[in-house]
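K.L.:
If it helps, the file is called model.tsv and holds TSV, C-alpha atoms:
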chain	number	residue	atom	x	y	z
A	1283	MET	CA	-61.75	61.83	28.14
A	1284	SER	CA	-61.70	62.29	24.39
A	1285	ASP	CA	-58.15	63.62	24.74
A	1286	LEU	CA	-57.10	60.39	26.33
A	1287	VAL	CA	-58.46	58.35	23.49
A	1288	GLU	CA	-56.84	60.56	20.89
A	1289	ILE	CA	-53.36	60.48	22.29
A	1290	ASP	CA	-53.87	56.89	23.26
A	1291	SER	CA	-54.46	55.91	19.70
A	1292	LEU	CA	-51.26	57.67	18.70
A	1293	LEU	CA	-49.47	55.38	21.08
A	1294	SER	CA	-51.24	52.28	19.94
A	1295	SER	CA	-48.95	49.53	18.82
A	1296	ASN	CA	-50.05	49.85	15.22
A	1297	THR	CA	-48.50	53.27	14.82
A	1298	PRO	CA	-44.91	53.02	13.65
A	1299	LEU	CA	-42.57	55.39	15.41
A	1300	ASN	CA	-39.75	57.07	13.67
A	1301	ASN	CA	-36.66	56.32	15.55
A	1302	THR	CA	-33.93	58.60	14.37
A	1303	GLU	CA	-30.45	58.07	15.65
A	1304	ASP	CA	-27.23	58.52	13.73
A	1305	GLY	CA	-29.23	59.70	10.74
A	1306	GLU	CA	-30.59	56.25	10.13
A	1307	GLU	CA	-34.30	55.81	10.20
A	1308	GLU	CA	-35.97	52.72	11.54
A	1309	ALA	CA	-39.69	52.35	11.77
A	1310	MET	CA	-40.62	50.43	14.88
A	1311	THR	CA	-43.76	50.23	16.92
A	1312	ALA	CA	-43.64	51.11	20.60
A	1313	SER	CA	-44.06	47.50	21.61
A	1314	GLU	CA	-41.17	46.42	19.40
A	1315	VAL	CA	-38.96	49.06	20.98
A	1316	LEU	CA	-39.97	47.81	24.40
A	1317	GLN	CA	-39.20	44.25	23.36
A	1318	LYS	CA	-35.76	45.27	22.10
A	1319	LEU	CA	-35.09	47.22	25.27
A	1320	GLU	CA	-35.95	44.21	27.38
A	1321	GLU	CA	-33.59	42.08	25.37
A	1322	ALA	CA	-30.86	44.68	25.77
A	1323	TRP	CA	-31.51	44.73	29.51
A	1324	LEU	CA	-31.12	40.97	29.87
A	1325	ASN	CA	-28.05	40.88	27.63
A	1326	GLU	CA	-26.44	43.63	29.64
A	1327	LYS	CA	-27.32	41.83	32.85
A	1328	PHE	CA	-25.60	38.61	31.91
A	1329	ALA	CA	-22.76	39.72	29.66
A	1330	PRO	CA	-19.44	39.87	31.52
A	1331	ASP	CA	-18.34	43.01	29.64
A	1332	LEU	CA	-20.05	46.27	28.78
A	1333	LEU	CA	-22.15	46.16	25.61
A	1334	PRO	CA	-22.63	49.12	23.24
A	1335	VAL	CA	-25.22	51.50	24.65
A	1336	LYS	CA	-28.75	51.40	23.27
A	1337	SER	CA	-29.50	55.06	23.88
A	1338	ASN	CA	-32.01	55.29	21.04
A	1339	LEU	CA	-34.16	52.58	22.66
A	1340	VAL	CA	-33.95	54.21	26.09
A	1341	GLU	CA	-34.73	57.66	24.74
A	1342	CYS	CA	-37.61	56.42	22.66
A	1343	MET	CA	-39.14	54.62	25.63
A	1344	LEU	CA	-38.66	57.65	27.90
A	1345	ALA	CA	-40.43	59.80	25.31
A	1346	GLN	CA	-43.28	57.30	25.25
A	1347	ILE	CA	-43.54	57.41	29.02
A	1348	ASP	CA	-43.54	61.22	29.02
A	1349	ALA	CA	-46.25	61.32	26.40
A	1350	MET	CA	-48.28	58.79	28.34
A	1351	GLU	CA	-47.88	60.74	31.56
A	1352	ALA	CA	-48.93	64.00	29.96
A	1353	ASN	CA	-51.86	62.09	28.66
A	1354	ILE	CA	-52.79	60.70	32.08
A	1355	ALA	CA	-52.60	64.19	33.56
A	1356	THR	CA	-55.35	65.38	31.25
A	1357	ALA	CA	-57.59	62.39	31.87
A	1358	LYS	CA	-60.60	62.51	34.11
A	1359	LYS	CA	-59.90	61.50	37.72
A	1360	GLY	CA	-60.96	57.99	38.60
A	1361	ASP	CA	-60.77	56.74	35.04
A	1362	PHE	CA	-60.12	53.03	35.20
A	1363	ARG	CA	-57.45	53.23	32.53
A	1364	ILE	CA	-55.23	55.56	34.55
A	1365	SER	CA	-54.20	52.89	37.01
A	1366	VAL	CA	-53.50	50.43	34.20
A	1367	HIS	CA	-51.30	52.92	32.36
A	1368	ARG	CA	-49.53	53.80	35.61
A	1369	MET	CA	-48.70	50.18	36.30
A	1370	GLU	CA	-47.33	49.74	32.84
A	1371	ILE	CA	-45.21	52.87	33.13
A	1372	ASP	CA	-43.83	51.59	36.43
A	1373	ARG	CA	-42.86	48.32	34.81
A	1374	ILE	CA	-41.08	50.02	31.92
A	1375	ARG	CA	-39.36	52.44	34.29
A	1376	TYR	CA	-38.04	49.49	36.24
A	1377	ILE	CA	-36.49	47.97	33.12
A	1378	ILE	CA	-34.91	51.26	32.07
A	1379	SER	CA	-33.46	52.04	35.49
A	1380	SER	CA	-32.23	48.51	36.01
A	1381	TYR	CA	-30.55	48.63	32.59
A	1382	LEU	CA	-28.83	51.93	33.32
A	1383	ARG	CA	-27.78	50.84	36.81
A	1384	ILE	CA	-26.19	47.64	35.53
A	1385	ARG	CA	-24.23	49.71	33.02
A	1386	LEU	CA	-23.08	52.15	35.68
A	1387	ALA	CA	-21.96	49.29	37.91
A	1388	LYS	CA	-19.92	47.86	35.05
A	1389	ILE	CA	-18.45	51.26	34.22
A	1390	GLU	CA	-17.34	51.67	37.84
A	1391	LYS	CA	-15.82	48.23	37.86
A	1392	PHE	CA	-13.95	48.37	34.56
A	1393	THR	CA	-13.40	52.15	34.31
A	1394	THR	CA	-10.00	52.15	32.61
A	1395	HIS	CA	-10.86	49.31	30.30
A	1396	VAL	CA	-14.17	50.91	29.33
A	1397	LEU	CA	-12.52	54.23	28.54
A	1398	GLN	CA	-9.93	52.51	26.35
A	1399	GLU	CA	-12.60	50.57	24.50
A	1400	GLU	CA	-14.74	53.67	24.12
A	1401	GLU	CA	-11.97	55.44	22.24
A	1402	LYS	CA	-12.00	52.70	19.63
A	1403	HIS	CA	-15.77	52.91	19.30
A	1404	ARG	CA	-16.19	56.66	19.58
A	1405	ASP	CA	-16.60	57.53	15.94
A	1406	THR	CA	-18.44	54.44	14.84
A	1407	ASP	CA	-22.18	53.87	14.59
A	1408	THR	CA	-22.25	51.95	17.83
A	1409	PRO	CA	-20.67	53.97	20.61
A	1410	LEU	CA	-19.98	51.98	23.75
A	1411	LEU	CA	-21.10	54.74	26.09
A	1412	SER	CA	-23.71	57.45	25.92
A	1413	ASP	CA	-22.48	61.02	26.41
A	1414	ALA	CA	-23.65	61.05	30.02
A	1415	GLU	CA	-22.01	57.72	30.71
A	1416	LEU	CA	-18.76	58.91	29.18
A	1417	GLU	CA	-18.80	61.96	31.41
A	1418	PHE	CA	-19.49	59.76	34.42
A	1419	ALA	CA	-16.68	57.34	33.51
A	1420	LYS	CA	-14.17	60.17	33.12
A	1421	GLY	CA	-15.25	61.83	36.35
A	1422	TYR	CA	-15.18	58.56	38.24
A	1423	ASN	CA	-11.77	57.73	36.88
A	1424	SER	CA	-10.25	61.04	37.88
A	1425	SER	CA	-11.84	60.87	41.34
A	1426	VAL	CA	-10.40	57.44	41.98
A	1427	MET	CA	-7.00	58.47	40.71
A	1428	SER	CA	-6.84	61.60	42.80
A	1429	HIS	CA	-8.05	59.67	45.83
A	1430	LEU	CA	-5.34	57.06	45.42
A	1431	THR	CA	-2.73	59.74	44.86
A	1432	ASN	CA	-3.74	61.76	47.88
A	1433	THR	CA	-4.13	58.92	50.33
A	1434	ALA	CA	-1.33	56.59	49.34
A	1435	LEU	CA	0.82	57.30	46.33
A	1436	ARG	CA	2.31	60.58	47.49
A	1437	HIS	CA	3.53	58.93	50.69
A	1438	MET	CA	5.36	56.25	48.77
A	1439	PRO	CA	9.04	56.24	47.91
A	1440	ALA	CA	9.61	57.91	44.54
A	1441	ASN	CA	10.31	54.71	42.65
A	1442	VAL	CA	6.87	53.24	43.41
A	1443	ALA	CA	4.88	56.44	43.52
A	1444	SER	CA	3.23	56.11	40.17
A	1445	LEU	CA	0.30	54.04	39.11
A	1446	ASN	CA	0.18	52.48	35.70
A	1447	SER	CA	-3.50	52.38	34.90
A	1448	LYS	CA	-2.94	50.01	31.99
A	1449	GLU	CA	-1.45	47.38	34.27
A	1450	THR	CA	-3.86	47.81	37.15
A	1451	ALA	CA	-7.00	47.98	35.03
A	1452	VAL	CA	-9.72	45.50	35.92
A	1453	VAL	CA	-10.76	43.74	32.75
A	1454	PRO	CA	-13.97	41.76	32.32
A	1455	LEU	CA	-13.63	38.01	32.25
A	1456	VAL	CA	-14.91	37.39	28.75
A	1457	ASP	CA	-14.31	33.69	29.23
A	1458	SER	CA	-17.10	33.49	31.81
A	1459	TYR	CA	-19.82	30.99	31.17
A	1460	VAL	CA	-23.24	32.30	30.17
A	1461	PHE	CA	-26.65	30.84	29.38
A	1462	LEU	CA	-27.96	31.78	25.98
A	1463	LYS	CA	-30.88	31.30	23.65
A	1464	VAL	CA	-30.45	31.22	19.86
A	1465	ASN	CA	-32.67	33.62	17.91
A	1466	GLU	CA	-31.29	33.00	14.44
A	1467	THR	CA	-29.68	29.85	13.23
A	1468	THR	CA	-25.95	30.45	12.92
A	1469	GLU	CA	-23.75	27.78	11.45
A	1470	ASN	CA	-20.10	27.01	12.05
A	1471	VAL	CA	-19.51	28.86	15.28
A	1472	LEU	CA	-16.01	28.33	16.59
A	1473	ILE	CA	-16.49	27.26	20.19
A	1474	GLU	CA	-13.04	26.12	21.13
A	1475	GLU	CA	-9.78	27.34	19.66
A	1476	GLU	CA	-7.33	24.72	18.60
A	1477	THR	CA	-5.08	23.84	21.51
A	1478	VAL	CA	-2.10	21.57	22.01
A	1479	ASP	CA	-4.09	18.58	23.16
A	1480	ALA	CA	-7.44	19.12	21.43
A	1481	GLY	CA	-8.54	20.23	17.99
A	1482	GLU	CA	-10.83	23.15	17.38
A	1483	GLU	CA	-14.49	22.72	18.05
A	1484	ILE	CA	-17.10	24.05	15.68
A	1485	MET	CA	-20.85	23.79	16.10
A	1486	ASP	CA	-24.07	25.02	14.59
A	1487	LEU	CA	-26.42	27.05	16.74
A	1488	LEU	CA	-29.99	26.22	15.79
A	1489	GLN	CA	-32.83	28.61	16.33
A	1490	GLY	CA	-34.66	28.05	19.61
A	1491	ASP	CA	-31.86	26.06	21.22
A	1492	GLN	CA	-30.54	26.97	24.63
A	1493	HIS	CA	-26.91	26.50	25.58
A	1494	ILE	CA	-24.43	27.14	28.31
A	1495	MET	CA	-20.99	28.06	27.03
A	1496	ARG	CA	-18.23	30.60	27.34
A	1497	TYR	CA	-19.07	34.18	26.43
A	1498	ARG	CA	-16.09	34.88	24.16
A	1499	PRO	CA	-17.13	32.77	21.14
A	1500	VAL	CA	-20.65	34.21	21.07
A	1501	ALA	CA	-19.87	37.82	22.01
A	1502	SER	CA	-20.27	39.07	18.44
A	1503	LEU	CA	-23.52	37.13	18.04
A	1504	VAL	CA	-24.95	38.80	21.14
A	1505	GLU	CA	-24.23	42.19	19.62
A	1506	SER	CA	-25.82	41.26	16.30
A	1507	GLY	CA	-28.87	39.85	18.08
A	1508	ALA	CA	-28.48	36.31	16.72
A	1509	VAL	CA	-28.38	35.01	20.28
A	1510	SER	CA	-29.75	36.44	23.53
A	1511	LEU	CA	-28.32	35.86	26.96
A	1512	ILE	CA	-30.75	34.43	29.48
B	755	MET	CA	-30.62	37.10	38.59
B	756	ASP	CA	-33.13	37.48	41.32
B	757	ALA	CA	-36.12	35.14	41.31
B	758	SER	CA	-38.39	38.18	41.59
B	759	GLU	CA	-37.05	39.43	38.26
B	760	ILE	CA	-37.99	36.16	36.63
B	761	GLU	CA	-41.44	36.58	38.10
B	762	PHE	CA	-41.42	40.05	36.56
B	763	LEU	CA	-40.74	38.49	33.16
B	764	ALA	CA	-43.39	35.84	33.73
B	765	GLU	CA	-45.96	38.53	34.42
B	766	LYS	CA	-45.84	39.47	30.74
B	767	GLU	CA	-47.43	36.15	29.80
B	768	HIS	CA	-51.04	36.46	28.82
B	769	VAL	CA	-53.92	34.79	30.64
B	770	ARG	CA	-57.60	34.84	29.88
B	771	VAL	CA	-59.92	36.55	32.32
B	772	ILE	CA	-63.63	37.23	32.50
B	773	PRO	CA	-64.06	40.87	33.50
B	774	ASN	CA	-67.12	42.09	35.36
B	775	PHE	CA	-66.97	45.56	33.81
B	776	SER	CA	-67.03	47.00	30.32
B	777	GLN	CA	-64.35	49.19	28.85
B	778	ASP	CA	-63.14	50.21	25.42
B	779	LYS	CA	-59.76	49.18	24.13
B	780	ILE	CA	-56.82	50.32	26.26
B	781	TYR	CA	-53.80	51.39	24.25
B	782	LEU	CA	-50.78	50.37	26.28
B	783	ILE	CA	-47.21	50.99	25.18
B	784	SER	CA	-46.73	47.25	24.99
B	785	GLY	CA	-49.81	46.76	22.82
B	786	ASP	CA	-53.57	47.16	22.78
B	787	LEU	CA	-55.81	45.40	25.26
B	788	GLY	CA	-59.47	44.69	25.15
B	789	PRO	CA	-62.12	45.76	24.47
B	790	PHE	CA	-63.48	44.48	27.75
B	791	SER	CA	-67.09	43.55	28.01
B	792	ALA	CA	-68.57	42.11	31.17
B	793	GLY	CA	-68.83	38.34	31.06
B	794	LEU	CA	-66.78	37.81	27.90
B	795	PRO	CA	-63.29	36.30	28.18
B	796	VAL	CA	-60.38	38.54	27.16
B	797	SER	CA	-56.65	37.92	27.07
B	798	ILE	CA	-54.51	40.25	29.21
B	799	PRO	CA	-51.02	40.14	30.72
B	800	LEU	CA	-50.67	38.42	34.05
B	801	TRP	CA	-49.62	41.57	35.92
B	802	LEU	CA	-52.90	43.20	35.02
B	803	ALA	CA	-54.91	40.06	35.68
B	804	VAL	CA	-53.49	39.77	39.19
B	805	ASN	CA	-54.23	43.42	39.86
B	806	LEU	CA	-57.79	43.22	38.54
B	807	LYS	CA	-58.38	40.07	40.54
B	808	GLN	CA	-57.20	41.79	43.70
B	809	ARG	CA	-59.59	44.62	42.98
B	810	GLN	CA	-62.30	41.99	42.37
B	811	LYS	CA	-62.87	43.17	38.83
B	812	CYS	CA	-62.41	39.85	37.11
B	813	ARG	CA	-62.31	36.09	37.29
B	814	ILE	CA	-59.18	34.40	35.98
B	815	LEU	CA	-59.53	31.44	33.65
B	816	PRO	CA	-56.73	29.00	34.43
B	817	PRO	CA	-54.42	28.36	31.44
B	818	ASP	CA	-55.27	25.22	29.45
B	819	TRP	CA	-52.33	23.29	30.84
B	820	MET	CA	-53.35	23.92	34.44
B	821	ASP	CA	-55.58	20.90	34.49
B	822	ILE	CA	-55.18	17.97	36.84
B	823	ASP	CA	-55.33	15.17	34.27
B	824	GLY	CA	-53.00	16.97	31.89
B	825	LEU	CA	-50.51	17.63	34.66
B	826	LYS	CA	-50.65	13.99	35.78
B	827	ASP	CA	-49.75	12.94	32.24
B	828	LYS	CA	-47.02	15.56	32.13
B	829	LYS	CA	-45.58	14.30	35.39
B	830	GLN	CA	-45.54	10.74	34.05
B	831	GLU	CA	-43.90	11.91	30.82
B	832	GLU	CA	-41.26	13.80	32.78
B	833	ALA	CA	-40.58	10.77	34.97
B	834	ASP	CA	-40.31	8.44	31.96
B	835	SER	CA	-38.09	10.62	29.84
B	836	ARG	CA	-34.34	10.76	30.30
B	837	PHE	CA	-34.31	14.29	28.95
B	838	PHE	CA	-36.18	17.40	29.91
B	839	THR	CA	-39.60	17.48	28.30
B	840	ASP	CA	-41.10	20.55	26.71
B	841	MET	CA	-43.13	22.37	29.34
B	842	PRO	CA	-46.48	23.85	28.29
B	843	SER	CA	-45.35	27.26	29.48
B	844	PRO	CA	-41.80	28.59	29.88
B	845	PHE	CA	-42.93	30.12	33.16
B	846	TYR	CA	-45.06	27.24	34.47
B	847	MET	CA	-43.78	27.50	38.04
B	848	GLU	CA	-44.11	31.27	38.34
B	849	ILE	CA	-47.57	31.39	36.78
B	850	THR	CA	-48.80	28.61	39.08
B	851	GLN	CA	-47.35	30.38	42.06
B	852	LEU	CA	-48.93	33.72	41.16
B	853	LEU	CA	-52.33	32.32	40.27
B	854	LEU	CA	-52.51	30.09	43.31
B	855	GLN	CA	-51.61	33.01	45.50
B	856	CYS	CA	-54.21	35.46	44.29
B	857	ALA	CA	-56.87	33.41	42.54
B	858	THR	CA	-57.16	30.12	44.41
B	859	ASP	CA	-60.94	30.22	44.05
B	860	ASP	CA	-60.74	30.41	40.25
B	861	ILE	CA	-58.63	27.29	39.84
B	862	PRO	CA	-60.35	23.95	40.14
B	863	GLY	CA	-58.40	21.54	42.34
B	864	ALA	CA	-55.93	24.23	43.41
B	865	ASP	CA	-54.25	22.06	46.03
B	866	GLU	CA	-53.77	19.18	43.66
B	867	VAL	CA	-52.40	21.49	40.96
B	868	ARG	CA	-49.94	22.87	43.48
B	869	THR	CA	-48.73	19.38	44.44
B	870	LEU	CA	-48.44	18.20	40.83
B	871	ILE	CA	-46.48	21.26	39.73
B	872	LYS	CA	-44.20	20.87	42.72
B	873	ASP	CA	-43.67	17.19	41.84
B	874	ILE	CA	-42.80	18.06	38.25
B	875	TRP	CA	-40.45	20.77	39.48
B	876	ASP	CA	-38.72	18.33	41.83
B	877	LEU	CA	-38.36	15.73	39.09
B	878	ARG	CA	-36.82	18.29	36.76
B	879	LEU	CA	-34.43	19.67	39.34
B	880	ALA	CA	-33.23	16.18	40.21
B	881	LYS	CA	-32.67	15.61	36.50
B	882	LEU	CA	-30.85	18.91	36.24
B	883	ARG	CA	-28.52	18.02	39.09
B	884	SER	CA	-27.65	14.63	37.62
B	885	SER	CA	-27.08	16.06	34.15
B	886	ILE	CA	-24.79	18.72	35.58
B	887	ASP	CA	-22.84	15.94	37.22
B	888	VAL	CA	-22.48	14.15	33.87
B	889	PHE	CA	-21.62	17.40	32.09
B	890	ILE	CA	-18.86	18.36	34.54
B	891	LYS	CA	-17.37	14.88	34.59
B	892	SER	CA	-17.29	14.74	30.80
B	893	GLY	CA	-15.21	17.91	30.76
B	894	ALA	CA	-17.15	19.28	27.79
B	895	SER	CA	-16.87	22.98	27.06
B	896	HIS	CA	-20.53	23.63	26.40
B	897	ALA	CA	-23.91	22.02	26.84
B	898	LYS	CA	-27.31	22.25	25.23
B	899	LEU	CA	-30.13	22.97	27.63
B	900	ASN	CA	-33.27	22.74	25.55
B	901	HIS	CA	-36.62	22.89	27.34
B	902	LEU	CA	-35.06	24.08	30.56
B	903	THR	CA	-36.97	27.06	31.93
B	904	LEU	CA	-35.45	30.30	33.14
B	905	LEU	CA	-36.30	29.72	36.77
B	906	GLU	CA	-34.72	26.28	36.65
B	907	MET	CA	-31.54	27.66	35.11
B	908	ASN	CA	-31.48	30.33	37.71
B	909	THR	CA	-31.36	27.84	40.58
B	910	VAL	CA	-27.97	26.62	39.36
B	911	ARG	CA	-26.73	29.76	37.64
B	912	GLN	CA	-24.32	31.13	40.24
B	913	PHE	CA	-22.84	27.82	41.20
B	914	LEU	CA	-22.56	26.32	37.74
B	915	THR	CA	-21.18	29.32	35.85
B	916	LYS	CA	-18.62	30.07	38.56
B	917	ALA	CA	-17.55	26.45	38.79
B	918	LEU	CA	-17.11	26.27	35.02
B	919	ASP	CA	-15.16	29.54	35.01
B	920	HIS	CA	-12.73	28.09	37.54
B	921	MET	CA	-12.41	24.84	35.63
B	922	HIS	CA	-11.70	26.77	32.46
B	923	ARG	CA	-8.93	28.74	34.17
B	924	LEU	CA	-7.41	25.59	35.58
B	925	LYS	CA	-7.48	24.02	32.14
B	926	LEU	CA	-5.69	27.03	30.66
B	927	CYS	CA	-3.07	26.85	33.42
B	928	VAL	CA	-2.39	23.20	32.62
B	929	SER	CA	-2.06	23.96	28.92
B	930	GLY	CA	0.38	26.71	29.85
B	931	ASP	CA	-1.42	29.79	28.57
B	932	PRO	CA	0.76	32.68	29.75
B	933	ALA	CA	-2.22	35.04	30.06
B	934	VAL	CA	-3.58	33.13	33.04
B	935	GLN	CA	-0.34	32.63	34.82
B	936	GLN	CA	0.27	36.31	35.28
Could I get this structure in the form of structure tokens?

P.N.:
Amino acid sequence: MSDLVEIDSLLSSNTPLNNTEDGEEEAMTASEVLQKLEEAWLNEKFAPDLLPVKSNLVECMLAQIDAMEANIATAKKGDFRISVHRMEIDRIRYIISSYLRIRLAKIEKFTTHVLQEEEKHRDTDTPLLSDAELEFAKGYNSSVMSHLTNTALRHMPANVASLNSKETAVVPLVDSYVFLKVNETTENVLIEEETVDAGEEIMDLLQGDQHIMRYRPVASLVESGAVSLI
Amino acid sequence: MDASEIEFLAEKEHVRVIPNFSQDKIYLISGDLGPFSAGLPVSIPLWLAVNLKQRQKCRILPPDWMDIDGLKDKKQEEADSRFFTDMPSPFYMEITQLLLQCATDDIPGADEVRTLIKDIWDLRLAKLRSSIDVFIKSGASHAKLNHLTLLEMNTVRQFLTKALDHMHRLKLCVSGDPAVQQ
């Protein structure tokens, strides 16, 4: 019983957690991490392309869940709080697994494209894929390629027996329309490139506004957190 | 997005309940709750409130806006305004649905509340449909949707975003963008 309280208070939202990833240290409370993770989940859900992975958020939340579960295990049976903590853990688990599943679905869909993009991002602070996802993407890619080769390509005449993955790659439609909410006022966003019959269109995104527009012009703002997809 | 996922998000909203038990603070990952003392109102997330209600451990206090006179005024305001009005809660429909399902006895005039909320919902959806019509016909490339709630957006999400995607592609074809013609 007293154990529960002790570890509980460590997890209380007032305790800042040290979130170390890439050598940079951010102090965030558990509830802020959860909030960020939820945002990342929704952004990932609605963005047409794959967003940079938020592995530090996922790992931090998983560590919180583990700590909480260890904590529950030591608690007295029948304690009222156990069921409450369990329910919360289930809710957080759902967000994490949904987030990871959406990413896997996108990786399967845009494998070649994702691997190309990943190479550009690999050595930066914001890798596109986590290590496990990268392994999955490579494995998936080679399985698909060997499947296509074995079932079809090798029976083809020599002049059409190769597959150019660059040409056949499925790319995300970044011009898809999305719903978004503005978190930070951003002025002078270029919405429409100048075309033959219409000039360019620039607008200010005011905090709290909701819009529907194409994803491409706001893609960088989604990454920076100035807007969230809804 | 599935409607159940929006309900999931709505369940994070806080409601006030009167517990019939006492309990020290509970330190959840998402923040501290309580302390609970029997008979004193406390604010907790909806998911917990629904669960406690089902276990008959609390009485739910309806949110301030869930009041027949207030909702009548709101309905009138919605009917009079050309634009969407600001709803008292971004999840008004989901919260009403959840509370009326599990805590009918705690909400005064439950049936009337249900009808009023449904009326407001219908008014707003009709407005949404007509504004989409105007938006599409104007050929604009973006639209502002202030005060529209998530559930309302979700009813038109699939149809509207896909339709706009197609229109955008057609527009690019007309303007002769080679990328689309491939």

K.L.:
Between A:Leu1339, A:Leu1488, A:Leu1410, A:Ile1494, which has the minimum distance to chain B (counting all atoms listed in the file)?

P.N.:
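Under the stated criterion, the closest residue is A:Ile1494.
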
K.L.:
Go ahead and compute the interatomic distance for atom CA of Asp919 of chain B and atom CA of Ser1458 of chain A, in Å to one decimal.

P.N.:
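About the pair atom CA of Asp919 of chain B and atom CA of Ser1458 of chain A: they are 5.4 Å apart.
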
K.L.:
Based on all atoms listed in the file, which of the residues in chain B come within 6 Å of chain A? I want them as a PyMOL selection string.

P.N.:
chain B and resi 781+783-785+896-900+915+919

K.L.:
Point out the residue among B:Gln851, B:Gln810, B:Ser884, B:Ser835 with the least atom-to-atom distance to Thr869 of chain B, counting all atoms listed in the file.

P.N.:
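Selected residue with least distance to Thr869 of chain B: B:Gln851.
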
K.L.:
Determine the nearest neighbour of Leu782 of chain B from the options A:Leu1319, A:Ala1349, A:Cys1342, A:Val1442, counting only C-alpha atoms.

P.N.:
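Looking only at the distances to Leu782 of chain B, the closest residue turns out to be A:Ala1349.
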
K.L.:
Tell me which of A:Val1335, A:Met1427, A:Leu1344, A:Ala1451 sits closest to Glu1415 of chain A, counting all atoms listed in the file.

P.N.:
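That would be A:Val1335, the residue with the smallest distance to Glu1415 of chain A.
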
K.L.:
For each of B:Phe889, B:Phe838, B:Trp801, B:Phe790, take the minimum atom-to-atom distance to Ala917 of chain B, counting all atoms listed in the file, then give the residue where this is smallest.

P.N.:
B:Phe889

K.L.:
So how far away is atom CA of Ser758 of chain B from atom CA of Cys856 of chain B, in Å?

P.N.:
16.3 Å

K.L.:
One number please: atom CA of Asp859 of chain B to atom CA of Leu802 of chain B, in Å, one decimal.

P.N.:
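Atom-to-atom, atom CA of Asp859 of chain B to atom CA of Leu802 of chain B, that is 17.7 Å.
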
K.L.:
Within 10 Å of (-14.3, 29.7, 16.6), in the coordinates the file gives, what residues turn up when you count all atoms listed in the file, written out as a compact mmCIF listing (two decimals) with C-alpha atoms, in the coordinates of the input?

P.N.:
# COMPACT_ATOMS: atom_id res chain seq x y z
CA ASN A 1470 -20.10 27.01 12.05
CA VAL A 1471 -19.51 28.86 15.28
CA LEU A 1472 -16.01 28.33 16.59
CA ILE A 1473 -16.49 27.26 20.19
CA GLU A 1474 -13.04 26.12 21.13
CA GLU A 1475 -9.78 27.34 19.66
CA GLU A 1476 -7.33 24.72 18.60
CA GLU A 1482 -10.83 23.15 17.38
CA GLU A 1483 -14.49 22.72 18.05
CA ILE A 1484 -17.10 24.05 15.68
CA MET A 1485 -20.85 23.79 16.10
CA ARG A 1498 -16.09 34.88 24.16
CA PRO A 1499 -17.13 32.77 21.14
CA VAL A 1500 -20.65 34.21 21.07
